[in-house]
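With CSV, C-alpha atoms and all ligand atoms inside, this is coords.csv:
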```csv
chain,number,residue,atom,x,y,z
A,1,VAL,CA,-53.3,125.1,16.9
A,2,ARG,CA,-51.5,125.4,20.2
A,3,VAL,CA,-48.1,123.8,20.8
A,4,ARG,CA,-46.7,123.7,24.3
A,5,VAL,CA,-43.4,122.3,25.5
A,6,LEU,CA,-44.0,120.2,28.6
A,7,GLY,CA,-40.4,119.2,29.1
A,8,ALA,CA,-37.3,120.3,27.2
A,9,ALA,CA,-34.6,118.1,28.8
A,10,ALA,CA,-33.2,114.8,27.6
A,11,GLY,CA,-33.3,111.6,29.7
A,12,GLY,CA,-32.4,112.4,33.3
A,13,GLY,CA,-33.8,115.9,33.2
A,14,PHE,CA,-32.0,119.1,34.3
A,15,PRO,CA,-30.7,118.8,36.9
A,16,GLN,CA,-30.1,115.0,36.8
A,17,TRP,CA,-30.4,113.4,40.2
A,18,ASN,CA,-27.0,111.8,40.2
A,19,CYS,CA,-25.0,114.5,38.4
A,20,ALA,CA,-22.9,117.3,39.7
A,21,CYS,CA,-21.8,118.7,36.4
A,22,ARG,CA,-21.5,122.5,36.1
A,23,GLY,CA,-25.0,122.9,34.6
A,24,CYS,CA,-26.7,120.6,37.0
A,25,MET,CA,-25.2,122.5,40.0
A,26,LEU,CA,-26.2,125.8,38.5
A,27,ALA,CA,-29.8,124.5,38.1
A,28,ARG,CA,-29.9,123.4,41.7
A,29,ARG,CA,-28.7,126.8,42.9
A,30,GLY,CA,-31.3,128.6,40.8
A,31,GLU,CA,-28.7,130.0,38.4
A,32,ALA,CA,-29.9,128.0,35.4
A,33,THR,CA,-33.5,127.1,34.5
A,34,PRO,CA,-34.4,123.5,35.4
A,35,ARG,CA,-36.2,121.4,32.8
A,36,THR,CA,-38.2,118.2,32.9
A,37,GLN,CA,-37.8,115.4,30.4
A,38,ASP,CA,-38.8,115.7,26.7
A,39,SER,CA,-42.5,116.0,25.9
A,40,ILE,CA,-44.8,118.4,24.0
A,41,ALA,CA,-48.6,118.8,23.9
A,42,ILE,CA,-50.5,120.0,20.9
A,43,SER,CA,-54.2,120.9,20.5
A,44,ALA,CA,-56.3,121.8,17.5
A,45,ASP,CA,-59.2,123.2,19.5
A,46,GLY,CA,-57.8,124.0,22.9
A,47,ASP,CA,-60.0,121.3,24.4
A,48,ARG,CA,-58.5,118.0,23.4
A,49,TRP,CA,-54.8,117.6,23.6
A,50,VAL,CA,-52.3,115.1,22.2
A,51,LEU,CA,-49.1,114.4,24.1
A,52,PHE,CA,-46.0,113.6,22.2
A,53,ASN,CA,-44.1,111.2,24.4
A,54,ALA,CA,-44.9,110.3,28.0
A,55,SER,CA,-42.0,111.5,30.0
A,56,PRO,CA,-41.1,110.1,33.5
A,57,ASP,CA,-42.1,113.6,34.6
A,58,VAL,CA,-45.6,113.5,33.1
A,59,LEU,CA,-47.5,114.0,36.3
A,60,ARG,CA,-45.6,117.1,37.2
A,61,GLN,CA,-46.0,118.3,33.6
A,62,ILE,CA,-49.8,117.8,33.8
A,63,ASP,CA,-50.0,119.6,37.1
A,64,ALA,CA,-48.0,122.5,35.7
A,65,THR,CA,-50.3,122.9,32.7
A,66,ARG,CA,-53.9,124.0,33.5
A,67,GLU,CA,-55.1,122.9,30.0
A,68,LEU,CA,-54.3,119.3,30.9
A,69,TRP,CA,-56.2,119.2,34.1
A,70,PRO,CA,-59.3,117.0,34.3
A,71,ARG,CA,-62.7,118.9,33.9
A,72,ARG,CA,-64.9,116.3,35.6
A,73,SER,CA,-64.6,113.8,38.4
A,74,ARG,CA,-62.9,111.2,36.1
A,75,HIS,CA,-61.7,112.8,33.0
A,76,SER,CA,-58.6,113.8,31.0
A,77,PRO,CA,-58.3,116.3,28.1
A,78,ILE,CA,-55.4,114.1,26.9
A,79,ALA,CA,-57.0,112.5,23.9
A,80,ALA,CA,-54.0,110.5,22.7
A,81,ILE,CA,-50.3,109.9,23.3
A,82,VAL,CA,-47.9,109.7,20.3
A,83,LEU,CA,-44.7,107.9,21.0
A,84,THR,CA,-41.7,108.8,18.8
A,85,ASN,CA,-39.5,106.0,20.1
A,86,GLY,CA,-39.4,103.5,22.9
A,87,ASP,CA,-36.7,105.1,25.0
A,88,VAL,CA,-37.4,105.1,28.7
A,89,ASP,CA,-37.5,108.9,28.9
A,90,HIS,CA,-40.3,108.9,26.3
A,91,VAL,CA,-42.5,106.0,27.7
A,92,ALA,CA,-41.9,105.6,31.4
A,93,GLY,CA,-44.7,108.1,32.1
A,94,LEU,CA,-47.3,105.7,30.7
A,95,LEU,CA,-47.0,103.8,33.9
A,96,SER,CA,-48.2,106.9,35.8
A,97,LEU,CA,-51.3,107.3,33.6
A,98,ARG,CA,-53.2,104.3,35.0
A,99,GLU,CA,-56.1,104.7,37.4
A,100,ARG,CA,-58.5,103.0,34.9
A,101,GLN,CA,-58.3,105.8,32.4
A,102,PRO,CA,-58.8,104.7,28.8
A,103,LEU,CA,-55.8,105.6,26.7
A,104,THR,CA,-55.1,106.0,23.0
A,105,ILE,CA,-51.5,105.4,22.1
A,106,ALA,CA,-50.2,106.1,18.6
A,107,ALA,CA,-46.9,104.3,17.8
A,108,THR,CA,-45.3,102.2,15.2
A,109,SER,CA,-45.5,98.5,15.4
A,110,ARG,CA,-41.8,98.4,16.5
A,111,VAL,CA,-42.4,100.8,19.4
A,112,PHE,CA,-45.7,99.4,20.4
A,113,GLY,CA,-44.4,95.8,20.3
A,114,GLY,CA,-41.4,96.7,22.3
A,115,LEU,CA,-43.7,98.1,25.0
A,116,PHE,CA,-46.6,95.8,25.1
A,117,GLU,CA,-45.3,92.5,23.9
A,118,ARG,CA,-41.7,92.5,25.3
A,119,ASN,CA,-42.5,94.2,28.6
A,120,ILE,CA,-45.1,92.6,30.9
A,121,LEU,CA,-45.2,95.7,33.2
A,122,LEU,CA,-47.0,97.7,30.5
A,123,ARG,CA,-49.8,95.2,30.5
A,124,THR,CA,-51.2,97.1,33.5
A,125,LEU,CA,-52.5,99.5,30.8
A,126,GLN,CA,-54.6,96.7,29.3
A,127,ARG,CA,-56.7,95.6,32.2
A,128,PHE,CA,-60.2,95.8,30.7
A,129,ASP,CA,-61.8,96.0,27.3
A,130,GLY,CA,-61.4,99.4,25.9
A,131,HIS,CA,-58.6,100.4,28.3
A,132,LEU,CA,-56.0,100.7,25.6
A,133,HIS,CA,-56.5,101.7,22.0
A,134,TRP,CA,-53.6,101.5,19.6
A,135,GLU,CA,-53.4,103.7,16.6
A,136,ARG,CA,-50.7,102.2,14.4
A,137,LEU,CA,-48.3,104.7,12.9
A,138,GLN,CA,-46.5,104.0,9.6
A,139,LEU,CA,-43.9,106.2,8.0
A,140,ASP,CA,-45.4,108.8,5.6
A,141,GLU,CA,-49.0,107.8,6.4
A,142,PRO,CA,-50.9,110.7,7.9
A,143,ILE,CA,-53.5,109.9,10.6
A,144,ALA,CA,-56.1,112.1,12.2
A,145,LEU,CA,-56.1,112.4,16.0
A,146,ALA,CA,-58.2,114.9,17.9
A,147,GLY,CA,-58.5,117.3,15.0
A,148,LEU,CA,-54.8,117.1,14.2
A,149,GLU,CA,-53.2,115.6,11.1
A,150,ILE,CA,-50.1,113.7,12.2
A,151,THR,CA,-47.5,112.3,9.7
A,152,PRO,CA,-44.7,110.2,10.9
A,153,ILE,CA,-41.4,110.9,9.1
A,154,ALA,CA,-38.1,108.9,9.1
A,155,ALA,CA,-35.5,110.1,11.6
A,156,PRO,CA,-32.3,108.0,11.8
A,157,GLY,CA,-32.2,106.5,15.3
A,158,LYS,CA,-31.6,103.4,17.3
A,159,THR,CA,-33.5,100.8,19.4
A,160,PRO,CA,-34.1,101.5,23.1
A,161,VAL,CA,-31.0,100.6,25.1
A,162,HIS,CA,-33.0,98.0,27.1
A,163,LEU,CA,-34.1,96.1,24.0
A,164,GLY,CA,-31.0,96.4,21.9
A,165,GLY,CA,-30.6,94.9,18.4
A,166,ALA,CA,-30.3,96.5,15.1
A,167,ALA,CA,-32.4,99.6,14.5
A,168,GLU,CA,-35.2,99.6,11.9
A,169,PRO,CA,-36.7,102.8,10.5
A,170,GLU,CA,-39.8,102.6,12.7
A,171,ASP,CA,-37.8,102.4,15.9
A,172,ASN,CA,-37.5,106.2,15.9
A,173,ILE,CA,-39.6,108.8,14.0
A,174,GLY,CA,-40.2,112.4,13.7
A,175,VAL,CA,-43.7,113.8,13.2
A,176,LEU,CA,-45.2,116.6,11.1
A,177,VAL,CA,-48.3,117.9,12.9
A,178,ARG,CA,-50.9,120.1,11.2
A,179,GLY,CA,-53.8,121.9,12.8
A,180,ASP,CA,-55.9,124.6,11.1
A,181,GLN,CA,-53.5,126.3,8.8
A,182,ARG,CA,-50.3,125.9,10.8
A,183,SER,CA,-47.9,123.0,11.3
A,184,ILE,CA,-44.9,122.0,13.3
A,185,ALA,CA,-42.2,119.4,12.9
A,186,TYR,CA,-41.1,117.6,16.1
A,187,VAL,CA,-37.9,115.6,15.8
A,188,SER,CA,-36.4,115.1,19.2
A,189,ALA,CA,-34.0,112.4,18.3
A,190,ALA,CA,-32.1,112.2,15.0
A,191,GLY,CA,-28.7,110.7,14.4
A,192,ALA,CA,-28.4,112.2,11.0
A,193,ILE,CA,-30.3,114.5,8.8
A,194,GLY,CA,-31.2,112.1,6.0
A,195,GLU,CA,-34.4,113.4,4.3
A,196,LEU,CA,-35.4,115.6,7.2
A,197,GLY,CA,-34.1,118.8,5.7
A,198,THR,CA,-36.7,118.6,2.9
A,199,ARG,CA,-39.4,116.9,4.9
A,200,VAL,CA,-39.7,119.7,7.5
A,201,GLU,CA,-39.8,122.5,4.8
A,202,GLY,CA,-42.9,124.7,5.0
A,203,ALA,CA,-43.6,124.0,8.7
A,204,ASP,CA,-44.1,127.0,11.0
A,205,ALA,CA,-41.8,125.7,13.6
A,206,LEU,CA,-39.2,122.9,14.0
A,207,LEU,CA,-38.4,121.3,17.4
A,208,PHE,CA,-35.1,119.5,16.8
A,209,ASP,CA,-32.8,117.2,18.7
A,210,GLY,CA,-30.6,119.4,20.9
A,211,THR,CA,-29.3,116.6,23.1
A,212,PHE,CA,-25.6,117.3,22.9
A,213,TRP,CA,-23.4,120.2,21.9
A,214,SER,CA,-20.5,118.1,20.7
A,215,ASN,CA,-19.9,114.4,19.9
A,216,ASP,CA,-17.6,113.8,22.8
A,217,GLU,CA,-19.4,115.9,25.4
A,218,LEU,CA,-19.9,113.1,28.0
A,219,SER,CA,-16.3,111.8,28.0
A,220,ALA,CA,-15.0,115.4,28.0
A,221,GLN,CA,-16.9,116.1,31.2
A,222,GLY,CA,-16.0,112.7,32.6
A,223,VAL,CA,-19.6,111.6,33.0
A,224,GLY,CA,-19.8,108.8,30.4
A,225,GLN,CA,-18.1,106.9,27.6
A,226,GLY,CA,-20.8,107.1,24.9
A,227,THR,CA,-20.6,109.6,22.1
A,228,ALA,CA,-23.5,111.5,20.6
A,229,ALA,CA,-23.1,109.4,17.5
A,230,SER,CA,-23.3,106.1,19.4
A,231,MET,CA,-26.6,107.3,20.9
A,232,ALA,CA,-27.9,108.4,17.6
A,233,HIS,CA,-28.0,112.1,18.4
A,234,LEU,CA,-26.6,114.5,15.9
A,235,PRO,CA,-24.7,117.1,18.0
A,236,ILE,CA,-25.7,120.8,17.7
A,237,SER,CA,-22.3,121.7,16.4
A,238,ALA,CA,-23.2,119.6,13.4
A,239,SER,CA,-26.9,120.5,13.0
A,240,LEU,CA,-26.6,124.2,13.6
A,241,PRO,CA,-26.0,125.2,9.9
A,242,LEU,CA,-28.2,122.5,8.4
A,243,PHE,CA,-31.6,124.2,8.4
A,244,GLU,CA,-30.5,127.7,7.4
A,245,GLY,CA,-33.1,127.8,4.6
A,246,PHE,CA,-35.9,126.9,7.0
A,247,ASP,CA,-38.4,129.8,7.2
A,248,GLY,CA,-40.1,128.9,10.5
A,249,ARG,CA,-39.1,129.1,14.1
A,250,ARG,CA,-36.1,126.8,14.9
A,251,ILE,CA,-35.9,125.4,18.4
A,252,TYR,CA,-33.6,122.9,20.1
A,253,THR,CA,-35.2,120.6,22.6
A,254,HIS,CA,-34.5,117.2,24.3
A,255,ILE,CA,-31.4,118.9,25.8
A,256,ASN,CA,-29.0,116.8,27.9
A,257,ASN,CA,-27.9,118.3,31.2
A,258,THR,CA,-24.3,118.3,30.1
A,259,ASN,CA,-25.1,120.6,27.1
A,260,PRO,CA,-23.6,124.1,27.7
A,261,ILE,CA,-26.6,125.7,25.8
A,262,LEU,CA,-28.5,125.3,29.0
A,263,ILE,CA,-26.2,127.8,30.7
A,264,GLU,CA,-27.4,131.3,29.8
A,265,ARG,CA,-24.5,133.5,28.7
A,266,SER,CA,-22.4,130.5,27.7
A,267,PRO,CA,-20.6,131.0,24.4
A,268,GLU,CA,-22.5,127.9,23.0
A,269,ARG,CA,-25.8,129.5,24.0
A,270,ARG,CA,-24.8,132.7,22.2
A,271,ALA,CA,-23.7,130.8,19.1
A,272,VAL,CA,-27.0,129.0,18.9
A,273,GLU,CA,-29.0,132.2,19.2
A,274,ALA,CA,-26.8,134.0,16.8
A,275,ALA,CA,-27.5,131.3,14.3
A,276,GLY,CA,-31.3,131.9,14.6
A,277,TRP,CA,-32.2,129.0,17.0
A,278,GLN,CA,-34.0,129.2,20.3
A,279,VAL,CA,-33.6,126.9,23.3
A,280,ALA,CA,-36.8,125.2,24.5
A,281,TYR,CA,-37.9,125.5,28.1
A,282,ASP,CA,-40.8,124.0,30.0
A,283,GLY,CA,-44.0,125.9,29.3
A,284,MET,CA,-42.8,127.4,26.1
A,285,GLU,CA,-45.6,128.2,23.6
A,286,VAL,CA,-44.2,127.3,20.2
A,287,LEU,CA,-46.7,129.0,18.0
A,288,PRO,CA,-47.9,132.0,20.1
B,1,ZN,ZN,-25.3,117.1,34.8
```

Show how you would write the structure in this file as structure tokens.
Ligand SMILES: [Zn+2]
Amino acid sequence: VRVRVLGAAAGGGFPQWNCACRGCMLARRGEATPRTQDSIAISADGDRWVLFNASPDVLRQIDATRELWPRRSRHSPIAAIVLTNGDVDHVAGLLSLRERQPLTIAATSRVFGGLFERNILLRTLQRFDGHLHWERLQLDEPIALAGLEITPIAAPGKTPVHLGGAAEPEDNIGVLVRGDQRSIAYVSAAGAIGELGTRVEGADALLFDGTFWSNDELSAQGVGQGTAASMAHLPISASLPLFEGFDGRRIYTHINNTNPILIERSPERRAVEAAGWQVAYDGMEVLP
């Protein structure tokens, strides 16, 4: 199985267009590595690929990844797109995947309904019979997609900001993905650990929510009022010790541009690496 990080930044990307925080300025000057918004691609056979989330940067990500290029005049190796929640940074890319290409979208009823029942713009992906195929995801029910076994697992989260309302378990999920003998856990948003510690045991790699370093990171840098907790992201300072017994590769992804781990040589980056974690970057091969 191949697992490739397409984008390792949280919503807004790195640098973020309207941000002049220290990290964003370093990224613009070529002194920190830019990253596009969170998405990964997994393939069981190297031929058919499943995207996990459709980032607003999806076209750039496809162009940067030879394996995702079309092989015929009208074709895509992208066999399906799994959505782990309905946040804009995970779904806006769907609007770029039009051009009459049939799509399979795997999502929970909550996420799919938020997109296709409560948002008329997404109906542009349902313009003819067979255009859109929905694979319904349910917690703890494995499905087979393009040779992969995908199991949705509970990850405490929230509803998308534009929909609001109280969160239900199927608003935000993690996934366990198995292909041949290897597996990975992808949990790019989690407000708490809940059962995740035990659910990811045995995976060869864990890609985990690295959005914020600290709970008050946005207000401390003067770029926002929200806390990590209010956005349902467990900060790294809290999650760092939680998976110490995990045997596989531990990687932070979905990293916000304010997070100091994006700055190489920062004390926070060193602390993460000293604790056995790695920091995801665009193009990273997770199971080389
Ligand atoms: Zn910034």

query = Need the neighbours of (-41.5, 110.8, 28.1): which residues are at most 8 Å away, counting all atoms listed in the file, as a list in words?
reply = Gln37, Asp38, Ser39, Phe52, Asn53, Ala54, Ser55, Pro56, Asp57, Val58, Val88, Asp89, His90, Val91, Ala92 and Gly93 of chain A

message = as a PyMOL selection string, please: the residues near segment 105-121 of chain A (cut-off 10 Å, all atoms listed in the file, same-chain neighbours under 3 positions excluded).
response = chain A and resi 50-53+79-87+91+94-95+102+124-126+132-139+143+145+150+152+159-160+162-163+167-173

Polymer residues at most 9 Å from Ser239 of chain A, only C-alpha atoms, same-chain spacing of 6 or more positions, as a JSON list (two decimals) with C-alpha atoms, keeping the file's coordinate frame:
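Result file follows (result.json):
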```
[["chain", "number", "residue", "atom", "x", "y", "z"],
["A", 192, "ALA", "CA", -28.40, 112.20, 11.00],
["A", 193, "ILE", "CA", -30.30, 114.50, 8.80],
["A", 209, "ASP", "CA", -32.80, 117.20, 18.70],
["A", 210, "GLY", "CA", -30.60, 119.40, 20.90]]
```

query = So how far away is atom CA of Asn257 of chain A from atom CA of Asn215 of chain A, in Å?
reply = 14.4 Å

query = Could you list, as a ChimeraX atom specification, all the residues within 10 Å of ligand ZN 1 (chain B), counting only C-alpha atoms and all ligand atoms?
reply = /A:12-27,218,221,223,256-259

Write out the residues from the selection above, keeping C-alpha atoms, as a PDB file, in the coordinates of the input.
```pdb
ATOM      1  CA  GLY A  12     -32.400 112.400  33.300  1.00  0.00           C
ATOM      2  CA  GLY A  13     -33.800 115.900  33.200  1.00  0.00           C
ATOM      3  CA  PHE A  14     -32.000 119.100  34.300  1.00  0.00           C
ATOM      4  CA  PRO A  15     -30.700 118.800  36.900  1.00  0.00           C
ATOM      5  CA  GLN A  16     -30.100 115.000  36.800  1.00  0.00           C
ATOM      6  CA  TRP A  17     -30.400 113.400  40.200  1.00  0.00           C
ATOM      7  CA  ASN A  18     -27.000 111.800  40.200  1.00  0.00           C
ATOM      8  CA  CYS A  19     -25.000 114.500  38.400  1.00  0.00           C
ATOM      9  CA  ALA A  20     -22.900 117.300  39.700  1.00  0.00           C
ATOM     10  CA  CYS A  21     -21.800 118.700  36.400  1.00  0.00           C
ATOM     11  CA  ARG A  22     -21.500 122.500  36.100  1.00  0.00           C
ATOM     12  CA  GLY A  23     -25.000 122.900  34.600  1.00  0.00           C
ATOM     13  CA  CYS A  24     -26.700 120.600  37.000  1.00  0.00           C
ATOM     14  CA  MET A  25     -25.200 122.500  40.000  1.00  0.00           C
ATOM     15  CA  LEU A  26     -26.200 125.800  38.500  1.00  0.00           C
ATOM     16  CA  ALA A  27     -29.800 124.500  38.100  1.00  0.00           C
ATOM     17  CA  LEU A 218     -19.900 113.100  28.000  1.00  0.00           C
ATOM     18  CA  GLN A 221     -16.900 116.100  31.200  1.00  0.00           C
ATOM     19  CA  VAL A 223     -19.600 111.600  33.000  1.00  0.00           C
ATOM     20  CA  ASN A 256     -29.000 116.800  27.900  1.00  0.00           C
ATOM     21  CA  ASN A 257     -27.900 118.300  31.200  1.00  0.00           C
ATOM     22  CA  THR A 258     -24.300 118.300  30.100  1.00  0.00           C
ATOM     23  CA  ASN A 259     -25.100 120.600  27.100  1.00  0.00           C
TER      24      ASN A 259
END
```

request  = Pick out the closest residue to Gly147 of chain A from this set: A:Arg199, A:His131, A:His254, A:Arg48. Count all atoms listed in the file.
outcome  =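 Among A:Arg199, A:His131, A:His254, A:Arg48, it is A:Arg48 that comes nearest to Gly147 of chain A.
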
ask   = What is the distance between atom CA of Glu264 of chain A and atom CA of Leu242 of chain A, in Å to one decimal?
value = 23.2 Å

request  = Identify which of the residues A:Ser183, A:Ser230, A:Ser237, A:Thr65 lies closest to Glu201 of chain A, counting all atoms listed in the file when measuring atom-to-atom distances.
outcome  =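 Using all atoms listed in the file, Glu201 of chain A sits closest to A:Ser183.
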
message = For a test of reading the model, state the distance in Å between atom CA of Leu68 of chain A and atom CA of Gly46 of chain A, rounded to one decimal.
response =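 Between atom CA of Leu68 of chain A and atom CA of Gly46 of chain A the gap is 9.9 Å.
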
key: Nearest candidate to Glu67 of chain A (options A:Ser43, A:Thr36, A:Ser219, A:Gln101; using all atoms listed in the file)   = A:Ser43

note = Glu217 of chain A proximity check over A:Leu97, A:Met284, A:Ile236, A:Val5, using only C-alpha atoms: winner is A:Ile236

ask   = At most 8 Å from (-38.7, 122.8, 35.1), file frame, all atoms listed in the file: which residues, as number ranges by chain?
value = A: 7, 14, 33-36, 281-282

Residues near Asp180 of chain A, cut-off 10 Å, only C-alpha atoms, skip fewer than 6 positions along chain, as a PDB file with C-alpha atoms, in the coordinates of the input:
```pdb
ATOM      1  CA  VAL A   1     -53.300 125.100  16.900  1.00  0.00           C
ATOM      2  CA  ALA A  44     -56.300 121.800  17.500  1.00  0.00           C
ATOM      3  CA  ASP A  45     -59.200 123.200  19.500  1.00  0.00           C
ATOM      4  CA  GLY A 147     -58.500 117.300  15.000  1.00  0.00           C
ATOM      5  CA  LEU A 148     -54.800 117.100  14.200  1.00  0.00           C
ATOM      6  CA  GLU A 149     -53.200 115.600  11.100  1.00  0.00           C
TER       7      GLU A 149
END
```

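Taking all atoms listed in the file into account, Leu6 of chain A lies nearest to A:Gly283 out of the set A:Pro288, A:Gly130, A:Pro142, A:Gly283.
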